[in-house]
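Text of start04.tsv (TSV, C-alpha atoms) as supplied:
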chain	number	residue	atom	x	y	z
A	11	MET	CA	-7.87	15.91	39.27
A	12	SER	CA	-7.24	19.46	38.14
A	13	MET	CA	-4.28	20.13	35.92
A	14	LYS	CA	-4.52	23.93	35.99
A	15	HIS	CA	-1.59	25.96	37.25
A	16	LYS	CA	0.47	22.86	37.84
A	17	HIS	CA	3.65	21.98	36.00
A	18	ILE	CA	3.12	18.60	34.48
A	19	ASP	CA	6.11	16.38	33.93
A	20	MET	CA	4.67	13.34	32.29
A	21	LYS	CA	7.83	11.34	32.58
A	22	ASP	CA	8.22	11.59	36.35
A	23	ASP	CA	5.01	12.97	37.82
A	24	PRO	CA	3.37	10.39	40.10
A	25	ASP	CA	0.10	12.34	39.72
A	26	PHE	CA	0.24	11.66	35.98
A	27	PRO	CA	0.28	7.91	35.87
A	28	LYS	CA	0.51	5.85	32.75
A	29	MET	CA	-2.97	5.83	31.26
A	30	GLU	CA	-4.80	3.53	28.96
A	31	THR	CA	-6.40	5.02	25.86
A	32	GLY	CA	-9.99	4.65	26.98
A	33	TYR	CA	-10.89	3.38	23.52
A	34	SER	CA	-13.25	0.42	23.31
A	35	VAL	CA	-14.52	-1.96	20.67
A	36	PRO	CA	-17.96	-3.45	20.03
A	37	GLU	CA	-18.64	-6.64	21.95
A	38	GLY	CA	-17.21	-9.73	20.26
A	39	TYR	CA	-15.25	-7.65	17.76
A	40	PHE	CA	-11.99	-9.53	17.95
A	41	GLU	CA	-13.72	-12.91	18.17
A	42	SER	CA	-15.52	-12.32	14.89
A	43	PHE	CA	-12.83	-10.37	13.05
A	44	GLY	CA	-11.25	-13.44	11.46
A	45	ASP	CA	-14.58	-14.58	10.01
A	46	ARG	CA	-15.40	-11.15	8.60
A	47	LEU	CA	-11.95	-10.90	7.07
A	48	LYS	CA	-12.40	-14.29	5.43
A	49	LEU	CA	-15.75	-13.22	3.95
A	50	ARG	CA	-14.23	-10.09	2.54
A	51	MET	CA	-11.29	-11.93	1.00
A	52	GLU	CA	-13.64	-14.46	-0.61
A	53	ALA	CA	-15.73	-11.63	-2.02
A	54	GLU	CA	-12.73	-9.87	-3.61
A	55	PRO	CA	-12.36	-10.43	-7.35
A	56	LYS	CA	-9.73	-13.05	-8.09
A	57	VAL	CA	-6.60	-11.52	-9.54
A	58	MET	CA	-4.53	-13.42	-12.09
A	59	PRO	CA	-1.02	-14.13	-10.83
A	60	LEU	CA	1.44	-11.77	-12.46
A	61	ARG	CA	3.14	-14.59	-14.32
A	62	GLY	CA	-0.24	-15.43	-15.89
A	63	VAL	CA	-0.74	-11.83	-16.95
A	64	LEU	CA	2.66	-11.71	-18.65
A	65	PHE	CA	1.96	-15.00	-20.46
A	66	TYR	CA	-1.12	-13.50	-22.10
A	67	LEU	CA	0.38	-10.10	-22.62
A	68	LYS	CA	3.74	-11.03	-24.15
A	69	PRO	CA	2.53	-11.64	-27.70
A	70	ALA	CA	0.26	-8.61	-27.58
A	71	LEU	CA	3.03	-6.47	-26.13
A	72	GLY	CA	5.44	-7.66	-28.81
A	73	LEU	CA	2.93	-6.86	-31.50
A	74	ALA	CA	2.16	-3.45	-30.02
A	75	ALA	CA	5.86	-2.67	-29.68
A	76	GLY	CA	6.50	-3.66	-33.29
A	77	LEU	CA	3.65	-1.51	-34.54
A	78	ALA	CA	4.76	1.39	-32.37
A	79	ILE	CA	8.26	1.23	-33.85
A	80	LEU	CA	6.89	1.03	-37.37
A	81	LEU	CA	4.56	3.94	-36.86
A	82	THR	CA	7.35	6.00	-35.38
A	83	VAL	CA	9.55	5.28	-38.37
A	84	TYR	CA	6.69	5.79	-40.80
A	85	LEU	CA	5.42	9.03	-39.31
A	86	HIS	CA	8.83	10.57	-38.66
A	87	PRO	CA	9.69	12.72	-41.70
A	88	TYR	CA	13.18	11.30	-42.05
A	89	GLY	CA	12.09	7.78	-41.39
A	90	LYS	CA	9.28	7.89	-43.91
A	91	GLN	CA	11.55	9.27	-46.59
A	92	SER	CA	14.22	6.60	-45.95
A	93	LEU	CA	11.62	3.86	-45.97
A	94	LEU	CA	10.16	5.02	-49.23
A	95	LEU	CA	13.58	5.38	-50.81
A	96	ALA	CA	14.56	1.89	-49.68
A	97	ASN	CA	11.37	0.41	-51.10
A	98	MET	CA	11.73	2.30	-54.31
A	99	GLN	CA	15.26	0.99	-54.72
A	100	ASN	CA	14.32	-2.61	-53.91
A	101	SER	CA	10.91	-2.89	-55.51
A	102	ALA	CA	10.49	-4.21	-59.07
A	103	ALA	CA	7.61	-1.73	-59.58
A	104	VAL	CA	9.78	1.40	-59.56
A	105	ALA	CA	8.00	2.56	-62.71
A	106	GLY	CA	4.94	3.43	-60.59
A	107	ASP	CA	2.17	1.06	-61.73
A	108	ASP	CA	2.33	-0.76	-58.40
A	109	GLN	CA	0.33	1.25	-55.82
A	110	THR	CA	1.25	-1.09	-52.96
A	111	ASP	CA	1.60	0.69	-49.66
A	112	PRO	CA	5.33	0.56	-48.86
A	113	LEU	CA	4.48	0.20	-45.18
A	114	SER	CA	2.86	-3.22	-45.65
A	115	ASN	CA	5.98	-4.55	-47.40
A	116	THR	CA	8.16	-3.33	-44.56
A	117	TYR	CA	5.79	-4.67	-41.88
A	118	ALA	CA	5.76	-8.10	-43.43
A	119	SER	CA	9.53	-8.21	-43.23
A	120	LEU	CA	9.44	-7.56	-39.47
A	121	VAL	CA	6.70	-9.98	-38.41
A	122	THR	CA	6.06	-13.35	-39.97
A	123	ASP	CA	2.53	-14.45	-40.75
A	124	GLY	CA	2.90	-17.24	-38.24
A	125	GLN	CA	3.81	-14.91	-35.42
A	126	PHE	CA	1.05	-12.47	-36.29
A	127	TYR	CA	-1.77	-15.02	-36.49
A	128	SER	CA	-0.49	-16.83	-33.44
A	129	ALA	CA	-0.65	-13.60	-31.45
A	130	LEU	CA	-4.17	-12.90	-32.74
A	131	ASN	CA	-5.34	-16.35	-31.68
A	132	GLU	CA	-3.91	-15.94	-28.23
A	133	MET	CA	-5.60	-12.56	-27.96
A	134	ASP	CA	-8.91	-14.21	-28.92
A	135	ASP	CA	-8.43	-16.77	-26.15
A	136	TYR	CA	-7.56	-14.11	-23.62
A	137	ASP	CA	-10.50	-13.32	-21.40
A	138	ALA	CA	-10.40	-9.62	-20.61
A	139	SER	CA	-12.73	-10.11	-17.69
A	140	LYS	CA	-9.95	-11.90	-15.82
A	141	ILE	CA	-8.06	-8.67	-15.20
A	142	SER	CA	-9.38	-5.18	-14.63
A	143	LYS	CA	-8.12	-2.20	-16.63
A	144	THR	CA	-6.76	-0.59	-13.49
A	145	GLU	CA	-4.78	-3.72	-12.62
A	146	LEU	CA	-3.46	-3.96	-16.17
A	147	ALA	CA	-2.38	-0.30	-16.24
A	148	ASP	CA	-0.78	-0.60	-12.80
A	149	TYR	CA	1.03	-3.78	-13.86
A	150	LEU	CA	2.40	-2.23	-17.04
A	151	ALA	CA	3.45	0.95	-15.27
A	152	THR	CA	5.28	-0.77	-12.44
A	153	ASN	CA	6.49	-4.04	-13.88
A	154	CYS	CA	7.36	-3.61	-17.52
A	155	SER	CA	10.26	-1.46	-18.58
A	156	ASP	CA	10.38	-0.19	-22.12
A	157	PHE	CA	13.16	-2.68	-22.82
A	158	GLU	CA	11.02	-5.52	-21.52
A	159	ILE	CA	8.01	-4.50	-23.62
A	160	VAL	CA	10.07	-4.23	-26.79
A	161	ASN	CA	11.72	-7.60	-26.19
A	162	ALA	CA	8.65	-9.38	-24.78
A	163	ASN	CA	8.31	-11.85	-27.68
A	164	LYS	CA	11.98	-12.70	-28.01
B	1101	MET	CA	12.66	-13.58	15.26
B	1102	THR	CA	11.06	-16.21	17.48
B	1103	ASP	CA	10.93	-19.85	16.41
B	1104	LYS	CA	7.16	-19.62	16.45
B	1105	ASP	CA	7.23	-16.78	13.94
B	1106	LYS	CA	9.78	-18.60	11.77
B	1107	GLU	CA	7.51	-21.62	11.62
B	1108	LEU	CA	4.51	-19.40	10.90
B	1109	ILE	CA	6.31	-17.76	7.98
B	1110	ILE	CA	7.32	-21.12	6.52
B	1111	ASN	CA	3.71	-22.29	6.68
B	1112	LEU	CA	2.44	-19.02	5.21
B	1113	LYS	CA	4.68	-19.61	2.21
B	1114	THR	CA	3.61	-23.24	1.83
B	1115	GLU	CA	0.66	-24.12	-0.37
B	1116	GLY	CA	-1.79	-26.21	1.60
B	1117	LYS	CA	-0.72	-24.73	4.92
B	1118	LYS	CA	-1.10	-21.07	4.06
B	1119	GLU	CA	-4.74	-20.71	5.07
B	1120	ILE	CA	-4.40	-22.25	8.52
B	1121	ALA	CA	-1.19	-20.31	9.14
B	1122	PHE	CA	-2.92	-17.09	8.09
B	1123	GLN	CA	-5.75	-17.67	10.55
B	1124	LEU	CA	-3.17	-18.14	13.28
B	1125	LEU	CA	-1.36	-14.98	12.19
B	1126	VAL	CA	-4.60	-12.98	12.38
B	1127	LYS	CA	-5.44	-14.37	15.80
B	1128	THR	CA	-1.93	-13.69	17.13
B	1129	TYR	CA	-1.51	-10.14	15.93
B	1130	GLN	CA	-4.98	-8.67	15.42
B	1131	GLN	CA	-5.28	-6.94	18.78
B	1132	ARG	CA	-1.88	-5.29	18.75
B	1133	LEU	CA	-2.33	-4.16	15.17
B	1134	TYR	CA	-5.84	-2.91	15.81
B	1135	TRP	CA	-4.89	-0.71	18.76
B	1136	HIS	CA	-1.90	0.66	16.88
B	1137	ILE	CA	-4.10	1.60	13.92
B	1138	ARG	CA	-6.89	2.88	16.15
B	1139	LYS	CA	-4.62	5.29	17.94
B	1140	ILE	CA	-3.57	6.73	14.58
B	1141	VAL	CA	-6.98	7.05	12.94
B	1142	VAL	CA	-9.18	7.31	16.08
B	1143	SER	CA	-12.37	5.93	14.50
B	1144	HIS	CA	-13.22	2.27	15.20
B	1145	ASP	CA	-14.83	1.82	11.77
B	1146	ASP	CA	-11.78	3.24	9.99
B	1147	ALA	CA	-9.46	1.12	12.09
B	1148	ASP	CA	-11.51	-1.99	11.28
B	1149	ASP	CA	-11.35	-1.28	7.52
B	1150	LEU	CA	-7.65	-0.55	7.64
B	1151	MET	CA	-6.83	-3.65	9.64
B	1152	GLN	CA	-8.61	-5.77	7.05
B	1153	ASN	CA	-6.61	-4.01	4.33
B	1154	VAL	CA	-3.41	-4.76	6.22
B	1155	PHE	CA	-4.10	-8.47	6.52
B	1156	ILE	CA	-5.18	-8.71	2.88
B	1157	LYS	CA	-1.89	-7.07	1.89
B	1158	VAL	CA	-0.03	-9.56	4.07
B	1159	TRP	CA	-1.86	-12.46	2.41
B	1160	LYS	CA	-0.98	-11.18	-1.07
B	1161	ASN	CA	2.63	-10.28	-0.32
B	1162	ILE	CA	3.86	-12.87	2.15
B	1163	ASP	CA	6.02	-14.47	-0.57
B	1164	ASN	CA	7.81	-11.14	-0.93
B	1165	PHE	CA	8.64	-10.93	2.79
B	1166	ARG	CA	12.42	-11.11	2.87
B	1167	GLU	CA	12.62	-11.87	6.61
B	1168	ASP	CA	15.25	-9.18	7.13
B	1169	SER	CA	13.07	-7.90	9.97
B	1170	SER	CA	10.83	-9.68	12.44
B	1171	LEU	CA	7.29	-10.60	11.41
B	1172	PHE	CA	5.95	-8.19	14.00
B	1173	THR	CA	8.02	-5.31	12.58
B	1174	TRP	CA	6.87	-6.06	9.05
B	1175	LEU	CA	3.20	-6.17	10.07
B	1176	PHE	CA	3.47	-2.97	12.06
B	1177	ARG	CA	5.21	-1.23	9.20
B	1178	ILE	CA	2.39	-2.16	6.83
B	1179	ALA	CA	-0.21	-1.08	9.38
B	1180	THR	CA	1.54	2.25	9.96
B	1181	ASN	CA	1.84	2.96	6.25
B	1182	GLU	CA	-1.79	2.07	5.58
B	1183	SER	CA	-2.94	4.33	8.42
B	1184	LEU	CA	-0.80	7.27	7.39
B	1185	SER	CA	-1.88	6.91	3.74
B	1186	PHE	CA	-5.48	6.95	4.91
B	1187	LEU	CA	-4.88	10.19	6.80
B	1188	GLN	CA	-3.08	11.70	3.82
B	1189	GLN	CA	-6.20	11.06	1.73
B	1190	LYS	CA	-8.30	12.80	4.39
B	1191	LYS	CA	-5.90	15.73	4.41
B	1192	ARG	CA	-6.11	16.12	0.62
B	1193	ARG	CA	-9.90	16.14	0.77
B	1194	ASN	CA	-10.16	18.62	3.65
B	1195	ILE	CA	-9.11	21.70	1.75
B	1196	PHE	CA	-10.74	24.21	4.12
B	1197	SER	CA	-8.58	23.43	7.10
B	1198	VAL	CA	-4.98	24.47	7.65
B	1199	ASP	CA	-4.31	21.21	9.42
B	1200	GLY	CA	-7.08	19.03	7.98
B	1201	VAL	CA	-5.92	15.90	9.68
B	1202	SER	CA	-5.98	17.19	13.27
B	1203	ASP	CA	-9.40	18.76	12.78
B	1204	TYR	CA	-10.73	15.54	11.29
B	1205	LEU	CA	-9.31	13.46	14.12
B	1206	VAL	CA	-10.59	15.79	16.83
B	1207	GLU	CA	-14.06	15.78	15.27
B	1208	THR	CA	-13.99	12.01	15.04
B	1209	PHE	CA	-12.85	11.68	18.63
B	1210	GLU	CA	-15.45	14.10	19.95
B	1211	ALA	CA	-18.18	12.20	18.14
B	1212	GLY	CA	-17.51	9.83	21.00
B	1213	ALA	CA	-18.13	6.45	19.45
B	1214	HIS	CA	-16.37	3.57	21.23
B	1215	PHE	CA	-14.65	5.73	23.85
B	1216	GLU	CA	-15.27	4.88	27.50
B	1217	GLY	CA	-12.39	6.68	29.14
B	1218	GLU	CA	-12.39	9.24	31.90
B	1219	GLU	CA	-12.10	13.00	31.54
B	1220	LEU	CA	-8.33	12.98	31.97
B	1221	GLN	CA	-7.91	10.35	29.28
B	1222	LYS	CA	-10.08	12.44	26.98
B	1223	ARG	CA	-8.02	15.57	27.63
B	1224	LEU	CA	-4.82	13.68	26.95
B	1225	HIS	CA	-6.20	12.43	23.63
B	1226	LEU	CA	-7.23	15.94	22.60
B	1227	ALA	CA	-3.74	17.17	23.41
B	1228	VAL	CA	-2.11	14.34	21.48
B	1229	LEU	CA	-4.35	14.92	18.46
B	1230	GLN	CA	-2.96	18.47	18.16
B	1231	LEU	CA	0.56	17.15	17.65
B	1232	PRO	CA	2.15	16.94	14.20
B	1233	GLU	CA	1.69	13.53	12.63
B	1234	LYS	CA	5.15	12.09	13.29
B	1235	GLN	CA	5.23	13.26	16.90
B	1236	ARG	CA	1.75	11.85	17.46
B	1237	LEU	CA	2.85	8.51	16.06
B	1238	VAL	CA	6.00	8.38	18.18
B	1239	PHE	CA	4.12	9.45	21.30
B	1240	ASN	CA	1.48	6.76	20.84
B	1241	MET	CA	4.04	4.04	20.30
B	1242	LYS	CA	6.22	5.11	23.23
B	1243	TYR	CA	3.66	6.18	25.82
B	1244	TYR	CA	0.70	3.90	25.16
B	1245	ASP	CA	2.42	0.88	23.59
B	1246	GLU	CA	5.63	1.21	25.67
B	1247	MET	CA	7.72	0.17	22.70
B	1248	LYS	CA	11.48	0.35	22.88
B	1249	TYR	CA	13.11	3.00	20.71
B	1250	GLU	CA	15.08	0.32	18.84
B	1251	GLU	CA	11.84	-1.43	17.91
B	1252	MET	CA	10.23	1.82	16.82
B	1253	ALA	CA	13.31	2.68	14.77
B	1254	GLU	CA	12.94	-0.56	12.81
B	1255	ILE	CA	9.25	-0.02	12.15
B	1256	LEU	CA	9.46	3.65	11.24
B	1257	LYS	CA	12.91	3.44	9.61
B	1258	THR	CA	14.07	6.42	11.67
B	1259	SER	CA	17.07	6.74	13.97
B	1260	VAL	CA	16.74	6.22	17.70
B	1261	GLY	CA	18.05	9.73	18.28
B	1262	ALA	CA	15.37	11.28	16.06
B	1263	LEU	CA	12.70	9.27	17.83
B	1264	LYS	CA	13.89	10.35	21.26
B	1265	ALA	CA	13.87	13.97	20.15
B	1266	SER	CA	10.40	13.55	18.68
B	1267	TYR	CA	9.06	12.04	21.89
B	1268	HIS	CA	10.68	14.72	24.01
B	1269	HIS	CA	9.07	17.49	21.94
B	1270	ALA	CA	5.72	15.72	22.00
B	1271	VAL	CA	5.77	15.48	25.77
B	1272	LYS	CA	6.72	19.15	26.15
B	1273	LYS	CA	3.84	20.21	23.91
B	1274	ILE	CA	1.35	18.08	25.81
B	1275	GLU	CA	2.54	19.45	29.12
B	1276	ALA	CA	2.20	22.98	27.78
B	1277	HIS	CA	-1.27	22.14	26.47
B	1278	PHE	CA	-2.38	21.04	29.95
B	1279	GLU	CA	-0.83	24.08	31.60
B	1280	GLY	CA	-2.63	26.33	29.17
B	1281	GLU	CA	-6.04	24.86	29.87
Structure rendered as structure tokens:
Amino acid sequence: MSMKHKHIDMKDDPDFPKMETGYSVPEGYFESFGDRLKLRMEAEPKVMPLRGVLFYLKPALGLAAGLAILLTVYLHPYGKQSLLLANMQNSAAVAGDDQTDPLSNTYASLVTDGQFYSALNEMDDYDASKISKTELADYLATNCSDFEIVNANK
Amino acid sequence: MTDKDKELIINLKTEGKKEIAFQLLVKTYQQRLYWHIRKIVVSHDDADDLMQNVFIKVWKNIDNFREDSSLFTWLFRIATNESLSFLQQKKRRNIFSVDGVSDYLVETFEAGAHFEGEELQKRLHLAVLQLPEKQRLVFNMKYYDEMKYEEMAEILKTSVGALKASYHHAVKKIEAHFEGE
């Protein structure tokens, strides 16, 4: 059927009937699709449920958030000065013999030994092979707000 | 939503019944989803990959399905998004072509694998593949799948009016393409 020099109105033209696509599939494709899909799903690496990820991450996130806050305060010019002044005022070694790093005194006041060692133990038990770096980054980017990260261990 | 689909969804969200329900879901919808995807991406191999991706996404996210649309609409929406994302990736990679997607699709189609249609069907495909992406999608769903505009509107989250306009423009372009041959 030649279509040259003929106005084609696809909606109404009886010479332009509804056509099938002409596409085909390999023989038995649909019959075997379910089995191939199952094989692929079984071969995919198991992903920890998100609740499981948060369970392992909470202590680590809390620790990281605490350290981040401390570092920000410590490294910020104003923060560092205030911190040092506060320690100088409170410390019994104002005379200068005590070379203790003021940061460690401040850190200890924010995180108890129990919390710190507990978090370390849980990190030791955490098997990094259970979750890929990409999945972890994606999870943190899409599921944890800054507020959530800071308050993760509360 | 049909009672059958409601029951299927309940079973998909029930531990112990999920696997059997999923097999039934695949069997029920695989052909419709496949042809929808195939018309978008043209290649059988690409359509096969994408359909697997779609069902894997369904498996992982069925608990998040809020049932505010029919199961069919939800599946088709996922399939459409997967297919369009795939084409977007192709477009980004084909930096030498003004319209990388159309060129890629025409090349794929002319490679001829798994096409057994007649000359007229081939010419229609080549005309459709020249259309902008949205018009191509609407044309496929309206002309080949004979979907109602209301159904398409739910899947594509576009108004019925916009879809009708899109289809009208698509048809005019295809007619002009044939007249220009």
| field | Closest of B:Phe1165, B:Phe1186, B:Trp1174, B:Phe1209 to Ile1255 of chain B - atom-to-atom distances counting all atoms listed in the file | value |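 Of B:Phe1165, B:Phe1186, B:Trp1174, B:Phe1209, the one nearest Ile1255 of chain B is B:Trp1174, counting all atoms listed in the file.
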Taking all atoms listed in the file into account, report as a short mmCIF file (atom, residue, chain, number, x, y, z; two decimals) with C-alpha atoms, keeping the file's coordinate frame which residues of chain B lie within 8 Å of chain A.
data_model
loop_
_atom_site.label_atom_id
_atom_site.label_comp_id
_atom_site.auth_asym_id
_atom_site.auth_seq_id
_atom_site.Cartn_x
_atom_site.Cartn_y
_atom_site.Cartn_z
CA GLN B 1123 -5.75 -17.67 10.55
CA VAL B 1126 -4.60 -12.98 12.38
CA LYS B 1127 -5.44 -14.37 15.80
CA GLN B 1130 -4.98 -8.67 15.42
CA GLN B 1131 -5.28 -6.94 18.78
CA HIS B 1144 -13.22 2.27 15.20
CA GLN B 1152 -8.61 -5.77 7.05
CA ILE B 1156 -5.18 -8.71 2.88
CA HIS B 1214 -16.37 3.57 21.23
CA PHE B 1215 -14.65 5.73 23.85
CA GLU B 1216 -15.27 4.88 27.50
CA GLY B 1217 -12.39 6.68 29.14
CA GLU B 1218 -12.39 9.24 31.90
CA LEU B 1220 -8.33 12.98 31.97
CA GLN B 1221 -7.91 10.35 29.28
CA LYS B 1222 -10.08 12.44 26.98
CA HIS B 1225 -6.20 12.43 23.63
CA TYR B 1243 3.66 6.18 25.82
CA TYR B 1244 0.70 3.90 25.16
CA VAL B 1271 5.77 15.48 25.77
CA GLU B 1275 2.54 19.45 29.12
CA PHE B 1278 -2.38 21.04 29.95
CA GLU B 1279 -0.83 24.08 31.60
CA GLY B 1280 -2.63 26.33 29.17
CA GLU B 1281 -6.04 24.86 29.87
#
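Atom CA of Met1241 of chain B is found 18.2 Å from atom CA of Arg1223 of chain B.
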| field | Within 9 Å of Glu1233 of chain B using all atoms listed in the file, minus same-chain residues under 6 positions, as a PyMOL selection string | value | chain B and resi 1140+1184+1201-1202
| task | Provide the atom CA of Tyr1134 of chain B to atom CA of Leu1229 of chain B distance in Å, to one decimal place. | result |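 Computing it gives 18.1 Å between the two atoms.
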| field | One-decimal distance in Å that lies between atom CA of Thr1173 of chain B and atom CA of Glu1251 of chain B | value | 7.6 Å
| query | Nearest to Gln1230 of chain B among B:Ala1147, B:Val1206, B:Leu1256, B:Leu1112, with distances taken over only C-alpha atoms: which residue is it? | reply | B:Val1206
